[in-house]
Every structure is written in C-alpha cells, then in structure tokens.
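Enquirer: Would you mind keeping the following structure in view while I ask a few things?
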Protein chains: 2
Amino acid sequence: MSFTVQIKVMPLKDLLDPQGKAVMGGLKNLGLNGVEDVRIGKNIDLRINASTEDEAKQIGEEAARKLLANPVMEIYEVTVH
Amino acid sequence: MSFTVQIKVMPLKDLLDPQGKAVMGGLKNLGLNGVEDVRIGKNIDLRINASTEDEAKQIGEEAARKLLANPVMEIYEVTVH
C-alpha cells in the first residue's frame, strides 16, 4: 500500500533565521501588515510503499533522522496522510 | 490576536523535481527501501496579528501570491492553526 508521508523540517526556535527575516522585510515593503514573525523551512513529501501506516511513518522518521534534517539546527515533524 | 499561518509551497506535479530525485537516490543508498517518490518544497510559518482567523488566512494567501510562491512552477496551500 502507498502512503504519503510529510516531513516538515524547520530551523530551531532559538536560532536566527535570516531567510525568514528577509521575507518579513519583503512583506512589509509590499504593504502587508500584521506579520510578526516568519520562519522558513523545508517540506518533503515522500510516497512510501509499506504494509501499515506505522511502518510508513517509521521509514519517514528514519529518512528525516539520517538524511533530511540536521538535528543541530533543525527540528522535524513526520505525519502520514 | 496572534495566529500561526502555515504556507506550504511545492513544485507542480508535472514538473521534474531534481532535488527530490537526488534525495531519493540518497535514501536508496542508505538502504531505505519502499520510497517511491520524493518531492521537496518550502514550508513557511507566519505569525500574524489579525482580528479573525479569516483575516489571518487572507493575509497569508496574499503573502503566498505576491512573494512566496511562483505560480508558474509551484502550488501553495495556506492553513491557519
């Protein structure tokens, strides 16, 4: 069976996010008010062939830990759809 | 009131995603089987000060349309938490 596993990788809260700061400046210049904070990360959608949802999630977790996220600077979140 | 608006920006389904292909190769090399497809995009979390959830979502949509997503190559999805 095929599952869609979504991995969201974001910079840690305590770290500066210069890309996010730049986007916040851009939004202000466009006249979009009310934006207080911007943080930019990655979103990875995996299509995984597994027999159960749990197995798919486990493969996704392993992919995030071993390749997709850098635990020194990023947190990740794995969800199965 | 403060809302967290999440904008997910992904490459269009019909376009090649070379970054995703590279990650798929990397996962195979790590011995992670069962991964059939990988697509990589951006995830942007905005903290927006607005009076209603609808207003926050509207600001998020405008940010995506005007600055964050390129409609020629990407689709976006805005959700409010």
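A note on labels: chains of the structure tokens are A, B, ... as shown, every chain counts residues from 1, and ligands are counted from 1 in their shown order.
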Can you write out as JSON lines which residues of chain B fall within 7 Å of chain A, alongside each residue's closest atom pair and its distance in Å to one decimal, counting only C-alpha atoms and ordering rows by chain and ascending residue number?
Expert:
{"residue": "B:Leu27", "atom": "CA", "partner": "A:Ala63", "partner_atom": "CA", "distance": 6.8}
{"residue": "B:Gly34", "atom": "CA", "partner": "A:Asn49", "partner_atom": "CA", "distance": 4.8}
{"residue": "B:Val35", "atom": "CA", "partner": "A:Ile48", "partner_atom": "CA", "distance": 4.5}
{"residue": "B:Glu36", "atom": "CA", "partner": "A:Arg47", "partner_atom": "CA", "distance": 5.4}
{"residue": "B:Asp37", "atom": "CA", "partner": "A:Arg47", "partner_atom": "CA", "distance": 5.0}
{"residue": "B:Val38", "atom": "CA", "partner": "A:Leu46", "partner_atom": "CA", "distance": 4.6}
{"residue": "B:Arg39", "atom": "CA", "partner": "A:Asp45", "partner_atom": "CA", "distance": 5.2}
{"residue": "B:Ile40", "atom": "CA", "partner": "A:Ile44", "partner_atom": "CA", "distance": 4.6}
{"residue": "B:Gly41", "atom": "CA", "partner": "A:Asn43", "partner_atom": "CA", "distance": 5.1}
{"residue": "B:Lys42", "atom": "CA", "partner": "A:Lys42", "partner_atom": "CA", "distance": 4.4}
{"residue": "B:Asn43", "atom": "CA", "partner": "A:Gly41", "partner_atom": "CA", "distance": 5.1}
{"residue": "B:Ile44", "atom": "CA", "partner": "A:Ile40", "partner_atom": "CA", "distance": 4.6}
{"residue": "B:Asp45", "atom": "CA", "partner": "A:Arg39", "partner_atom": "CA", "distance": 5.2}
{"residue": "B:Leu46", "atom": "CA", "partner": "A:Val38", "partner_atom": "CA", "distance": 4.6}
{"residue": "B:Arg47", "atom": "CA", "partner": "A:Asp37", "partner_atom": "CA", "distance": 5.0}
{"residue": "B:Ile48", "atom": "CA", "partner": "A:Val35", "partner_atom": "CA", "distance": 4.5}
{"residue": "B:Asn49", "atom": "CA", "partner": "A:Gly34", "partner_atom": "CA", "distance": 4.8}
{"residue": "B:Ala50", "atom": "CA", "partner": "A:Gly34", "partner_atom": "CA", "distance": 6.5}
{"residue": "B:Ala63", "atom": "CA", "partner": "A:Leu27", "partner_atom": "CA", "distance": 6.8}
Enquirer: For B:Glu61, which residue among B:Asp14, B:Met73, B:Asn29, B:Thr79 is the nearest when counting only C-alpha atoms?
Expert: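 Closest candidate: B:Thr79.
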Enquirer: DSSP says helix (DSSP H, G or I) for which residues of stretch 6-70 of chain A? Put them as a list of chain:residue names?
Expert: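 The helix (DSSP H, G or I) subset of stretch 6-70 of chain A is A:Pro18, A:Gln19, A:Gly20, A:Lys21, A:Ala22, A:Val23, A:Met24, A:Gly25, A:Gly26, A:Leu27, A:Lys28, A:Asn29, A:Glu53, A:Asp54, A:Glu55, A:Ala56, A:Lys57, A:Gln58, A:Ile59, A:Gly60, A:Glu61, A:Glu62, A:Ala63, A:Ala64, A:Arg65, A:Lys66, A:Leu67, A:Leu68.
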Enquirer: Got time to write the residues from that selection, N, CA, C and O atoms, as an mmCIF file, in the first residue's frame?
Expert:
data_model
loop_
_atom_site.group_PDB
_atom_site.id
_atom_site.type_symbol
_atom_site.label_atom_id
_atom_site.label_comp_id
_atom_site.auth_asym_id
_atom_site.auth_seq_id
_atom_site.Cartn_x
_atom_site.Cartn_y
_atom_site.Cartn_z
ATOM 1 N N PRO A 18 17.785 33.993 9.024
ATOM 2 C CA PRO A 18 17.977 35.180 8.181
ATOM 3 C C PRO A 18 17.052 35.205 6.960
ATOM 4 O O PRO A 18 16.588 36.267 6.555
ATOM 5 N N GLN A 19 16.764 34.012 6.403
ATOM 6 C CA GLN A 19 15.858 33.947 5.256
ATOM 7 C C GLN A 19 14.458 34.441 5.658
ATOM 8 O O GLN A 19 13.817 35.195 4.941
ATOM 9 N N GLY A 20 14.034 34.002 6.835
ATOM 10 C CA GLY A 20 12.737 34.442 7.335
ATOM 11 C C GLY A 20 12.701 35.936 7.577
ATOM 12 O O GLY A 20 11.732 36.614 7.251
ATOM 13 N N LYS A 21 13.795 36.458 8.144
ATOM 14 C CA LYS A 21 13.864 37.909 8.384
ATOM 15 C C LYS A 21 13.769 38.671 7.069
ATOM 16 O O LYS A 21 13.091 39.698 6.974
ATOM 17 N N ALA A 22 14.447 38.171 6.025
ATOM 18 C CA ALA A 22 14.415 38.836 4.722
ATOM 19 C C ALA A 22 12.994 38.829 4.157
ATOM 20 O O ALA A 22 12.514 39.839 3.631
ATOM 21 N N VAL A 23 12.309 37.698 4.281
ATOM 22 C CA VAL A 23 10.935 37.614 3.785
ATOM 23 C C VAL A 23 10.039 38.569 4.564
ATOM 24 O O VAL A 23 9.163 39.228 3.993
ATOM 25 N N MET A 24 10.270 38.687 5.868
ATOM 26 C CA MET A 24 9.450 39.594 6.666
ATOM 27 C C MET A 24 9.631 41.024 6.161
ATOM 28 O O MET A 24 8.653 41.765 6.006
ATOM 29 N N GLY A 25 10.881 41.408 5.853
ATOM 30 C CA GLY A 25 11.124 42.727 5.276
ATOM 31 C C GLY A 25 10.396 42.905 3.950
ATOM 32 O O GLY A 25 9.779 43.933 3.696
ATOM 33 N N GLY A 26 10.450 41.863 3.113
ATOM 34 C CA GLY A 26 9.776 41.922 1.815
ATOM 35 C C GLY A 26 8.282 42.105 1.958
ATOM 36 O O GLY A 26 7.660 42.885 1.229
ATOM 37 N N LEU A 27 7.687 41.390 2.914
ATOM 38 C CA LEU A 27 6.234 41.502 3.123
ATOM 39 C C LEU A 27 5.873 42.914 3.596
ATOM 40 O O LEU A 27 4.864 43.476 3.169
ATOM 41 N N LYS A 28 6.712 43.474 4.465
ATOM 42 C CA LYS A 28 6.458 44.850 4.933
ATOM 43 C C LYS A 28 6.501 45.820 3.754
ATOM 44 O O LYS A 28 5.649 46.697 3.620
ATOM 45 N N ASN A 29 7.506 45.638 2.877
ATOM 46 C CA ASN A 29 7.627 46.522 1.711
ATOM 47 C C ASN A 29 6.431 46.399 0.782
ATOM 48 O O ASN A 29 6.093 47.324 0.058
ATOM 49 N N GLU A 53 0.491 1.806 8.138
ATOM 50 C CA GLU A 53 0.771 3.222 8.325
ATOM 51 C C GLU A 53 1.964 3.410 9.264
ATOM 52 O O GLU A 53 2.804 4.277 9.054
ATOM 53 N N ASP A 54 2.027 2.574 10.303
ATOM 54 C CA ASP A 54 3.135 2.670 11.255
ATOM 55 C C ASP A 54 4.481 2.432 10.590
ATOM 56 O O ASP A 54 5.455 3.123 10.879
ATOM 57 N N GLU A 55 4.513 1.441 9.705
ATOM 58 C CA GLU A 55 5.767 1.147 9.012
ATOM 59 C C GLU A 55 6.172 2.331 8.134
ATOM 60 O O GLU A 55 7.348 2.712 8.097
ATOM 61 N N ALA A 56 5.189 2.915 7.449
ATOM 62 C CA ALA A 56 5.479 4.080 6.597
ATOM 63 C C ALA A 56 6.034 5.224 7.430
ATOM 64 O O ALA A 56 7.021 5.868 7.060
ATOM 65 N N LYS A 57 5.422 5.445 8.585
ATOM 66 C CA LYS A 57 5.878 6.536 9.449
ATOM 67 C C LYS A 57 7.307 6.291 9.931
ATOM 68 O O LYS A 57 8.124 7.201 9.998
ATOM 69 N N GLN A 58 7.580 5.022 10.238
ATOM 70 C CA GLN A 58 8.915 4.668 10.721
ATOM 71 C C GLN A 58 9.976 4.922 9.650
ATOM 72 O O GLN A 58 11.052 5.439 9.935
ATOM 73 N N ILE A 59 9.645 4.566 8.399
ATOM 74 C CA ILE A 59 10.576 4.832 7.298
ATOM 75 C C ILE A 59 10.783 6.343 7.150
ATOM 76 O O ILE A 59 11.904 6.818 6.963
ATOM 77 N N GLY A 60 9.692 7.093 7.282
ATOM 78 C CA GLY A 60 9.800 8.550 7.190
ATOM 79 C C GLY A 60 10.689 9.125 8.288
ATOM 80 O O GLY A 60 11.531 9.980 8.039
ATOM 81 N N GLU A 61 10.511 8.616 9.511
ATOM 82 C CA GLU A 61 11.333 9.084 10.647
ATOM 83 C C GLU A 61 12.814 8.803 10.381
ATOM 84 O O GLU A 61 13.677 9.630 10.660
ATOM 85 N N GLU A 62 13.076 7.603 9.855
ATOM 86 C CA GLU A 62 14.457 7.228 9.584
ATOM 87 C C GLU A 62 15.062 8.130 8.509
ATOM 88 O O GLU A 62 16.215 8.560 8.626
ATOM 89 N N ALA A 63 14.276 8.414 7.470
ATOM 90 C CA ALA A 63 14.741 9.289 6.393
ATOM 91 C C ALA A 63 15.079 10.669 6.940
ATOM 92 O O ALA A 63 16.113 11.263 6.605
ATOM 93 N N ALA A 64 14.206 11.176 7.833
ATOM 94 C CA ALA A 64 14.429 12.506 8.396
ATOM 95 C C ALA A 64 15.697 12.508 9.243
ATOM 96 O O ALA A 64 16.532 13.408 9.145
ATOM 97 N N ARG A 65 15.847 11.470 10.071
ATOM 98 C CA ARG A 65 16.978 11.425 11.007
ATOM 99 C C ARG A 65 18.299 11.247 10.281
ATOM 100 O O ARG A 65 19.302 11.874 10.618
ATOM 101 N N LYS A 66 18.291 10.358 9.274
ATOM 102 C CA LYS A 66 19.558 10.017 8.634
ATOM 103 C C LYS A 66 19.975 10.973 7.530
ATOM 104 O O LYS A 66 21.150 11.064 7.198
ATOM 105 N N LEU A 67 18.997 11.621 6.894
ATOM 106 C CA LEU A 67 19.372 12.404 5.713
ATOM 107 C C LEU A 67 18.790 13.815 5.663
ATOM 108 O O LEU A 67 19.463 14.752 5.269
ATOM 109 N N LEU A 68 17.529 13.967 6.066
ATOM 110 C CA LEU A 68 16.834 15.208 5.696
ATOM 111 C C LEU A 68 16.978 16.344 6.701
ATOM 112 O O LEU A 68 16.928 17.503 6.327
#
Enquirer: What is the atom CA of B:Ile75 to atom CA of B:Pro11 distance in Å?
Expert: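 Atom-to-atom, atom CA of B:Ile75 to atom CA of B:Pro11, that is 6.3 Å.
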